file my_file.csv (CSV, C-alpha atoms)
chain,number,residue,atom,x,y,z
A,1,MET,CA,42.5,-50.7,-33.0
A,2,ILE,CA,39.6,-52.8,-31.6
A,3,ARG,CA,39.6,-56.5,-30.8
A,4,VAL,CA,36.6,-58.4,-29.3
A,5,GLN,CA,37.8,-61.9,-28.5
A,6,ARG,CA,37.4,-65.0,-26.2
A,7,GLU,CA,41.1,-65.4,-25.7
A,8,ASP,CA,43.2,-63.8,-23.0
A,9,PHE,CA,45.7,-61.0,-23.8
A,10,ASP,CA,49.1,-59.9,-22.6
A,11,PRO,CA,49.1,-56.2,-21.6
A,12,GLY,CA,52.9,-55.9,-21.7
A,13,ALA,CA,53.2,-57.5,-25.1
A,14,GLU,CA,50.3,-55.3,-26.5
A,15,MET,CA,51.9,-52.2,-25.1
A,16,SER,CA,55.3,-53.0,-26.6
A,17,ALA,CA,53.7,-53.8,-30.0
A,18,LEU,CA,51.8,-50.5,-30.0
A,19,THR,CA,55.0,-48.4,-29.4
A,20,ARG,CA,57.6,-50.6,-31.2
A,21,GLY,CA,59.8,-48.4,-33.5
A,22,ARG,CA,58.0,-45.2,-32.5
A,23,HIS,CA,60.1,-42.3,-31.4
A,24,ASP,CA,57.2,-39.8,-31.2
A,25,VAL,CA,55.4,-41.4,-28.3
A,26,GLY,CA,56.2,-39.8,-24.9
A,27,GLY,CA,53.6,-41.4,-22.8
A,28,VAL,CA,51.5,-44.6,-22.7
A,29,ALA,CA,48.5,-45.2,-20.4
A,30,CYS,CA,47.1,-48.7,-19.8
A,31,PHE,CA,44.0,-49.8,-18.0
A,32,VAL,CA,43.3,-53.5,-17.3
A,33,GLY,CA,40.0,-54.7,-16.0
A,34,LEU,CA,39.9,-57.9,-14.0
A,35,VAL,CA,37.2,-60.2,-12.7
A,36,ARG,CA,36.8,-59.8,-8.9
A,37,ASP,CA,35.9,-62.7,-6.6
A,38,MET,CA,33.2,-60.7,-4.8
A,39,ALA,CA,30.2,-58.7,-6.1
A,40,ASP,CA,28.8,-56.6,-3.3
A,41,ASP,CA,28.7,-59.2,-0.5
A,42,LYS,CA,28.5,-62.3,-2.6
A,43,PRO,CA,31.3,-64.6,-3.7
A,44,ILE,CA,31.6,-65.0,-7.5
A,45,ARG,CA,32.6,-68.4,-9.1
A,46,SER,CA,32.6,-67.2,-12.6
A,47,MET,CA,31.4,-64.4,-14.9
A,48,THR,CA,30.0,-64.9,-18.4
A,49,LEU,CA,30.2,-61.9,-20.8
A,50,GLU,CA,27.6,-61.8,-23.5
A,51,HIS,CA,27.8,-59.3,-26.4
A,52,TYR,CA,26.1,-58.2,-29.6
A,53,PRO,CA,28.4,-59.3,-32.4
A,54,GLY,CA,28.7,-56.6,-35.0
A,55,MET,CA,27.3,-53.8,-32.9
A,56,THR,CA,30.0,-54.3,-30.3
A,57,GLU,CA,32.8,-53.7,-32.8
A,58,LYS,CA,31.0,-50.8,-34.3
A,59,LYS,CA,30.4,-49.1,-30.9
A,60,LEU,CA,34.0,-49.6,-29.8
A,61,ALA,CA,35.3,-48.2,-33.0
A,62,GLU,CA,33.1,-45.1,-32.6
A,63,ILE,CA,34.3,-44.6,-29.0
A,64,GLU,CA,37.9,-45.0,-30.1
A,65,ALA,CA,37.4,-42.5,-33.0
A,66,GLU,CA,35.8,-40.0,-30.5
A,67,ALA,CA,38.9,-40.3,-28.3
A,68,HIS,CA,41.1,-39.6,-31.3
A,69,ARG,CA,39.0,-36.5,-32.1
A,70,ARG,CA,39.3,-35.2,-28.6
A,71,TRP,CA,43.0,-35.9,-27.9
A,72,PRO,CA,46.2,-35.9,-30.1
A,73,LEU,CA,46.8,-39.7,-29.9
A,74,GLN,CA,49.5,-41.6,-31.7
A,75,GLY,CA,48.0,-44.9,-31.1
A,76,SER,CA,45.3,-46.8,-29.2
A,77,LEU,CA,44.1,-50.3,-28.5
A,78,VAL,CA,40.9,-51.6,-26.9
A,79,ILE,CA,40.5,-55.4,-26.3
A,80,HIS,CA,37.3,-56.7,-24.7
A,81,ARG,CA,36.8,-60.4,-23.9
A,82,TYR,CA,33.6,-62.3,-24.0
A,83,GLY,CA,32.6,-65.8,-22.8
A,84,ARG,CA,33.2,-67.4,-19.4
A,85,LEU,CA,35.8,-65.9,-17.1
A,86,GLU,CA,36.9,-66.6,-13.6
A,87,PRO,CA,38.1,-64.4,-10.7
A,88,GLY,CA,41.5,-63.0,-11.6
A,89,ASP,CA,41.0,-63.2,-15.3
A,90,ARG,CA,41.5,-60.1,-17.4
A,91,ILE,CA,38.3,-58.8,-19.1
A,92,VAL,CA,39.3,-55.5,-20.8
A,93,LEU,CA,42.4,-53.7,-21.9
A,94,VAL,CA,42.7,-50.0,-23.0
A,95,ILE,CA,46.0,-48.6,-24.1
A,96,THR,CA,46.6,-45.0,-25.4
A,97,ALA,CA,49.8,-43.5,-26.6
A,98,ALA,CA,50.5,-39.8,-27.0
A,99,ALA,CA,53.4,-37.3,-27.1
A,100,HIS,CA,52.5,-36.2,-23.6
A,101,ARG,CA,51.1,-37.9,-20.5
A,102,GLN,CA,48.0,-35.8,-20.1
A,103,ALA,CA,46.5,-36.8,-23.4
A,104,ALA,CA,47.4,-40.5,-22.8
A,105,LEU,CA,46.0,-40.6,-19.3
A,106,GLU,CA,42.8,-38.6,-20.0
A,107,SER,CA,41.9,-40.5,-23.2
A,108,CYS,CA,42.5,-43.9,-21.4
A,109,GLN,CA,40.0,-42.9,-18.7
A,110,PHE,CA,37.6,-41.5,-21.3
A,111,LEU,CA,37.7,-44.8,-23.3
A,112,ILE,CA,37.0,-47.1,-20.3
A,113,ASP,CA,34.2,-44.8,-19.0
A,114,TRP,CA,32.5,-44.6,-22.3
A,115,LEU,CA,32.7,-48.2,-23.2
A,116,LYS,CA,31.1,-49.1,-19.9
A,117,THR,CA,27.9,-47.3,-20.9
A,118,ASP,CA,28.0,-47.6,-24.7
A,119,ALA,CA,29.5,-51.0,-25.7
A,120,PRO,CA,26.8,-53.8,-25.8
A,121,PHE,CA,28.2,-56.2,-23.2
A,122,TRP,CA,26.3,-57.9,-20.4
A,123,LYS,CA,27.7,-59.8,-17.4
A,124,LEU,CA,26.1,-62.9,-15.9
A,125,GLU,CA,27.7,-63.7,-12.5
A,126,GLU,CA,27.6,-67.2,-11.1
A,127,THR,CA,27.1,-67.0,-7.3
A,128,PRO,CA,26.2,-69.8,-4.8
A,129,GLU,CA,22.5,-68.9,-5.4
A,130,GLY,CA,22.8,-69.3,-9.2
A,131,GLY,CA,23.3,-67.0,-12.2
A,132,GLU,CA,22.5,-63.3,-11.8
A,133,TRP,CA,22.6,-60.6,-14.5
A,134,VAL,CA,24.6,-57.6,-13.3
A,135,SER,CA,22.6,-54.4,-13.2
A,136,ALA,CA,24.0,-51.2,-14.7
A,137,ARG,CA,25.2,-48.7,-12.1
A,138,ASP,CA,24.2,-45.1,-12.0
A,139,SER,CA,27.8,-44.3,-11.2
A,140,ASP,CA,28.8,-45.6,-14.6
A,141,GLU,CA,26.5,-43.2,-16.3
A,142,SER,CA,27.8,-40.3,-14.2
A,143,ALA,CA,31.4,-41.3,-15.0
A,144,LYS,CA,30.5,-40.9,-18.7
A,145,LYS,CA,28.7,-37.6,-18.2
A,146,ARG,CA,31.9,-36.0,-16.9
A,147,TRP,CA,33.3,-36.1,-20.5
A,148,ARG,CA,30.5,-34.2,-22.1
B,1,MET,CA,11.6,-57.8,-39.0
B,2,LYS,CA,14.6,-59.4,-37.4
B,3,LEU,CA,14.4,-59.1,-33.6
B,4,LEU,CA,17.4,-59.8,-31.3
B,5,TYR,CA,17.2,-60.1,-27.5
B,6,PHE,CA,20.2,-60.1,-25.2
B,7,ALA,CA,21.1,-61.0,-21.6
B,8,LEU,CA,18.1,-60.9,-19.2
B,9,PHE,CA,15.7,-60.3,-22.0
B,10,ARG,CA,16.9,-63.3,-23.9
B,11,ALA,CA,16.6,-65.4,-20.7
B,12,ARG,CA,13.0,-64.2,-20.0
B,13,ILE,CA,11.7,-64.4,-23.6
B,14,GLY,CA,13.4,-67.8,-24.0
B,15,ARG,CA,15.2,-67.1,-27.4
B,16,GLY,CA,17.9,-64.8,-28.7
B,17,GLU,CA,16.3,-63.9,-32.0
B,18,GLU,CA,13.2,-64.3,-34.1
B,19,ASP,CA,11.7,-63.0,-37.4
B,20,LEU,CA,8.2,-61.4,-37.0
B,21,ALA,CA,5.9,-59.8,-39.5
B,22,LEU,CA,5.5,-56.2,-38.4
B,23,PRO,CA,1.8,-55.1,-38.0
B,24,ALA,CA,1.0,-52.1,-40.1
B,25,GLU,CA,0.0,-50.0,-37.1
B,26,VAL,CA,3.4,-50.4,-35.4
B,27,GLY,CA,5.5,-47.6,-36.7
B,28,THR,CA,7.9,-46.7,-33.8
B,29,VAL,CA,10.2,-48.4,-31.4
B,30,GLY,CA,7.8,-47.5,-28.5
B,31,ALA,CA,4.8,-49.1,-30.3
B,32,LEU,CA,6.9,-52.2,-31.1
B,33,VAL,CA,7.8,-52.6,-27.4
B,34,ASP,CA,4.1,-52.2,-26.5
B,35,TRP,CA,3.1,-54.8,-29.1
B,36,LEU,CA,5.8,-57.3,-28.1
B,37,ALA,CA,4.9,-57.0,-24.4
B,38,GLU,CA,1.5,-58.5,-25.3
B,39,ARG,CA,3.0,-61.6,-26.8
B,40,GLY,CA,3.3,-63.5,-23.6
B,41,PRO,CA,4.4,-63.5,-20.0
B,42,GLY,CA,8.1,-63.7,-20.8
B,43,TYR,CA,7.9,-60.7,-23.1
B,44,ARG,CA,5.8,-58.8,-20.5
B,45,ALA,CA,8.4,-59.6,-17.8
B,46,ALA,CA,11.3,-58.5,-20.0
B,47,PHE,CA,9.7,-55.1,-20.9
B,48,ALA,CA,7.8,-54.5,-17.6
B,49,ASP,CA,10.0,-51.5,-16.6
B,50,ARG,CA,10.4,-49.4,-19.8
B,51,ARG,CA,13.2,-47.3,-18.1
B,52,LEU,CA,15.3,-50.5,-18.3
B,53,VAL,CA,14.7,-51.2,-22.0
B,54,ARG,CA,17.5,-50.2,-24.4
B,55,VAL,CA,16.9,-50.4,-28.2
B,56,ALA,CA,19.2,-50.5,-31.2
B,57,VAL,CA,17.9,-50.3,-34.7
B,58,ASN,CA,20.4,-51.5,-37.3
B,59,GLN,CA,23.1,-51.4,-34.6
B,60,ASP,CA,22.6,-47.8,-33.4
B,61,TYR,CA,21.0,-46.8,-30.1
B,62,VAL,CA,17.7,-45.1,-30.7
B,63,GLY,CA,14.8,-43.7,-28.6
B,64,LEU,CA,11.2,-44.8,-28.3
B,65,ASP,CA,10.1,-42.4,-30.9
B,66,HIS,CA,12.4,-43.8,-33.6
B,67,PRO,CA,10.6,-45.3,-36.6
B,68,VAL,CA,10.8,-49.0,-37.4
B,69,ALA,CA,10.5,-50.6,-40.8
B,70,ALA,CA,9.9,-54.2,-41.9
B,71,ASN,CA,13.5,-54.8,-43.0
B,72,ASP,CA,15.2,-53.4,-39.8
B,73,GLU,CA,17.3,-55.3,-37.4
B,74,VAL,CA,15.9,-54.3,-34.0
B,75,ALA,CA,17.8,-55.4,-30.8
B,76,LEU,CA,16.2,-55.1,-27.3
B,77,PHE,CA,18.3,-55.4,-24.2
B,78,PRO,CA,18.8,-54.1,-20.6
B,79,PRO,CA,21.4,-51.4,-19.9
B,80,VAL,CA,24.9,-52.6,-20.8
B,81,THR,CA,27.4,-53.8,-18.1
B,82,GLY,CA,30.7,-54.4,-19.9
B,83,GLY,CA,34.2,-53.2,-19.0

call {"tool": "encode", "arguments": {"input": "my_file.csv", "output": "structure tokens"}}
result
Amino acid sequence: MIRVQREDFDPGAEMSALTRGRHDVGGVACFVGLVRDMADDKPIRSMTLEHYPGMTEKKLAEIEAEAHRRWPLQGSLVIHRYGRLEPGDRIVLVITAAAHRQAALESCQFLIDWLKTDAPFWKLEETPEGGEWVSARDSDESAKKRWR
Amino acid sequence: MKLLYFALFRARIGRGEEDLALPAEVGTVGALVDWLAERGPGYRAAFADRRLVRVAVNQDYVGLDHPVAANDEVALFPPVTGG
């Protein structure tokens, strides 16, 4: 399941909802991305997430389908927020549920690595010097390549 | 053709989208980027480093040799930074 939304989310409630009534799930992995108050050596006042409506949902759904193709998953959820966020705010949630821990853990990492390079989101950080668009990191591309 | 610009490109070009009539000689994404870059300083600045230009045609990532047609939705943007 994919959700792209302005609103905050509750990781615990989402995890409970994903596994409620299920007796075939043996492991759930959860990743939550938060807004830091520092970028390199600069303090951050806020971060604004821009996205490409339509393509974002499509890309996230493709990434999720790829995870289900690679691992035997019993459920998954990706929530990505957009709009203005402040340090400490949650940005992204990935939850995967499987019979065994390895599939849950690996697919969770796969999903967050892939969405970083394939989902059309961009971050504008507000620093004391003004707004700065965050540059993509080579390390994000290498993290994705591990899953080829 | 519907063109969409995001993030730094939108800021440099000064708008998020526009409809442009595609010249007959522009048949690929690469030719489209070259043509757009001549439209003004904002466009030139946005597309100055071609290694940092990402393109989606009808919401799928494509390379510079991908064909473009008059009724396509073409989005141009810098590398993504979500998550």

call {"tool": "atom_distance", "arguments": {"input": "my_file.csv", "atom1": "CA of Leu34 in chain A", "atom2": "CA of Ala99 in chain A"}}
result
27.9 Å

call {"tool": "closest_residue", "arguments": {"input": "my_file.csv", "among": "A:Trp114, A:Glu129, A:Met47, A:Pro53", "to": "Val78 in chain A", "atoms": "only C-alpha atoms"}}
result
A:Trp114

call {"tool": "interface_residues", "arguments": {"input": "my_file.csv", "of": "chain B", "to": "chain A", "cutoff": "12 Å", "atoms": "only C-alpha atoms", "output": "PyMOL selection string"}}
result
chain B and resi 4-12+16-17+51-61+73-83

call {"tool": "atom_distance", "arguments": {"input": "my_file.csv", "atom1": "CA of Gly75 in chain A", "atom2": "CA of Ala104 in chain A"}}
result
9.4 Å

call {"tool": "residues_around", "arguments": {"input": "my_file.csv", "residues": "Asp65 in chain B", "least_positions_apart": "6", "cutoff": "12 Å", "atoms": "only C-alpha atoms", "output": "CSV table (one decimal) with C-alpha atoms, in the coordinates of the input"}}
result
chain,number,residue,atom,x,y,z
B,26,VAL,CA,3.4,-50.4,-35.4
B,27,GLY,CA,5.5,-47.6,-36.7
B,28,THR,CA,7.9,-46.7,-33.8
B,29,VAL,CA,10.2,-48.4,-31.4
B,30,GLY,CA,7.8,-47.5,-28.5
B,31,ALA,CA,4.8,-49.1,-30.3
B,32,LEU,CA,6.9,-52.2,-31.1
B,33,VAL,CA,7.8,-52.6,-27.4
B,55,VAL,CA,16.9,-50.4,-28.2
B,57,VAL,CA,17.9,-50.3,-34.7

call {"tool": "atom_distance", "arguments": {"input": "my_file.csv", "atom1": "CA of Asp37 in chain A", "atom2": "CA of Pro87 in chain A"}}
result
5.0 Å

call {"tool": "residues_around", "arguments": {"input": "my_file.csv", "residues": "Ala48 in chain B", "least_positions_apart": "3", "cutoff": "8 Å", "atoms": "only C-alpha atoms", "output": "list in words"}}
result
Ala37, Arg44 and Ala45 of chain B

call {"tool": "closest_residue", "arguments": {"input": "my_file.csv", "among": "B:Leu20, B:Arg39, B:Asp34, B:Arg15", "to": "Lys2 in chain B", "atoms": "only C-alpha atoms"}}
result
B:Leu20

call {"tool": "residues_around", "arguments": {"input": "my_file.csv", "residues": "Ala39 in chain A", "least_positions_apart": "5", "cutoff": "9 Å", "atoms": "all atoms listed in the file", "output": "VMD selection string"}}
result
chain A and resid 44 125 127

call {"tool": "closest_residue", "arguments": {"input": "my_file.csv", "among": "A:Cys30, A:Leu105, A:Ile2, A:Ala97", "to": "Ile63 in chain A", "atoms": "all atoms listed in the file"}}
result
A:Ile2

call {"tool": "closest_residue", "arguments": {"input": "my_file.csv", "among": "B:Asp19, B:Pro41, B:Ala70, B:Gly63", "to": "Leu3 in chain B", "atoms": "only C-alpha atoms"}}
result
B:Asp19

call {"tool": "decode", "arguments": {"input": "my_file.csv", "residues": "range 56-67 of chain B", "atoms": "all heavy atoms", "output": "compact mmCIF listing (two decimals), in the first residue's frame"}}
result
# COMPACT_ATOMS: atom_id res chain seq x y z
N ALA B 56 11.36 12.63 -17.42
CA ALA B 56 10.31 11.61 -17.44
C ALA B 56 9.35 11.96 -18.57
O ALA B 56 8.92 13.12 -18.69
CB ALA B 56 9.57 11.57 -16.11
N VAL B 57 9.04 10.99 -19.42
CA VAL B 57 8.03 11.17 -20.46
C VAL B 57 6.82 10.33 -20.06
O VAL B 57 6.95 9.13 -19.84
CB VAL B 57 8.56 10.77 -21.85
CG1 VAL B 57 7.43 10.78 -22.89
CG2 VAL B 57 9.68 11.72 -22.30
N ASN B 58 5.69 11.00 -19.94
CA ASN B 58 4.45 10.35 -19.50
C ASN B 58 4.69 9.55 -18.21
O ASN B 58 4.24 8.42 -18.06
CB ASN B 58 3.87 9.48 -20.61
CG ASN B 58 3.58 10.32 -21.85
OD1 ASN B 58 3.15 11.47 -21.74
ND2 ASN B 58 3.87 9.78 -23.02
N GLN B 59 5.45 10.18 -17.30
CA GLN B 59 5.67 9.69 -15.93
C GLN B 59 6.55 8.44 -15.84
O GLN B 59 6.46 7.68 -14.87
CB GLN B 59 4.34 9.48 -15.20
CG GLN B 59 3.49 10.76 -15.21
CD GLN B 59 2.29 10.70 -14.30
OE1 GLN B 59 1.92 9.64 -13.81
NE2 GLN B 59 1.70 11.85 -14.05
N ASP B 60 7.40 8.22 -16.84
CA ASP B 60 8.42 7.17 -16.74
C ASP B 60 9.78 7.79 -17.07
O ASP B 60 9.89 8.57 -18.01
CB ASP B 60 8.15 6.03 -17.73
CG ASP B 60 7.19 5.02 -17.15
OD1 ASP B 60 7.35 4.65 -15.97
OD2 ASP B 60 6.25 4.61 -17.87
N TYR B 61 10.81 7.39 -16.31
CA TYR B 61 12.15 7.89 -16.58
C TYR B 61 12.60 7.43 -17.96
O TYR B 61 12.37 6.28 -18.34
CB TYR B 61 13.14 7.35 -15.54
CG TYR B 61 12.95 7.92 -14.16
CD1 TYR B 61 12.41 7.14 -13.13
CD2 TYR B 61 13.30 9.23 -13.87
CE1 TYR B 61 12.22 7.65 -11.87
CE2 TYR B 61 13.11 9.75 -12.60
CZ TYR B 61 12.57 8.97 -11.60
OH TYR B 61 12.39 9.47 -10.36
N VAL B 62 13.23 8.35 -18.69
CA VAL B 62 13.76 8.01 -20.01
C VAL B 62 15.14 8.63 -20.19
O VAL B 62 15.52 9.54 -19.45
CB VAL B 62 12.83 8.51 -21.15
CG1 VAL B 62 11.46 7.86 -21.09
CG2 VAL B 62 12.73 10.03 -21.13
N GLY B 63 15.86 8.14 -21.20
CA GLY B 63 17.17 8.67 -21.53
C GLY B 63 17.06 9.75 -22.59
O GLY B 63 15.97 10.02 -23.12
N LEU B 64 18.21 10.37 -22.93
CA LEU B 64 18.22 11.49 -23.86
C LEU B 64 17.85 11.09 -25.29
O LEU B 64 17.44 11.92 -26.09
CB LEU B 64 19.60 12.17 -23.87
CG LEU B 64 19.99 12.88 -22.57
CD1 LEU B 64 21.40 13.43 -22.67
CD2 LEU B 64 19.01 14.01 -22.24
N ASP B 65 17.97 9.80 -25.59
CA ASP B 65 17.64 9.37 -26.96
C ASP B 65 16.17 8.96 -27.13
O ASP B 65 15.75 8.56 -28.21
CB ASP B 65 18.57 8.20 -27.38
CG ASP B 65 18.48 7.03 -26.41
OD1 ASP B 65 17.86 7.21 -25.33
OD2 ASP B 65 19.04 5.96 -26.70
N HIS B 66 15.40 9.09 -26.05
CA HIS B 66 13.97 8.71 -26.11
C HIS B 66 13.21 9.68 -27.01
O HIS B 66 13.41 10.88 -26.94
CB HIS B 66 13.39 8.70 -24.70
CG HIS B 66 12.05 8.05 -24.60
ND1 HIS B 66 10.87 8.72 -24.84
CD2 HIS B 66 11.69 6.78 -24.30
CE1 HIS B 66 9.85 7.89 -24.69
NE2 HIS B 66 10.32 6.70 -24.36
N PRO B 67 12.29 9.16 -27.85
CA PRO B 67 11.51 10.07 -28.70
C PRO B 67 10.49 10.90 -27.92
O PRO B 67 10.00 10.46 -26.88
CB PRO B 67 10.81 9.12 -29.67
CG PRO B 67 10.80 7.79 -29.02
CD PRO B 67 11.99 7.74 -28.11
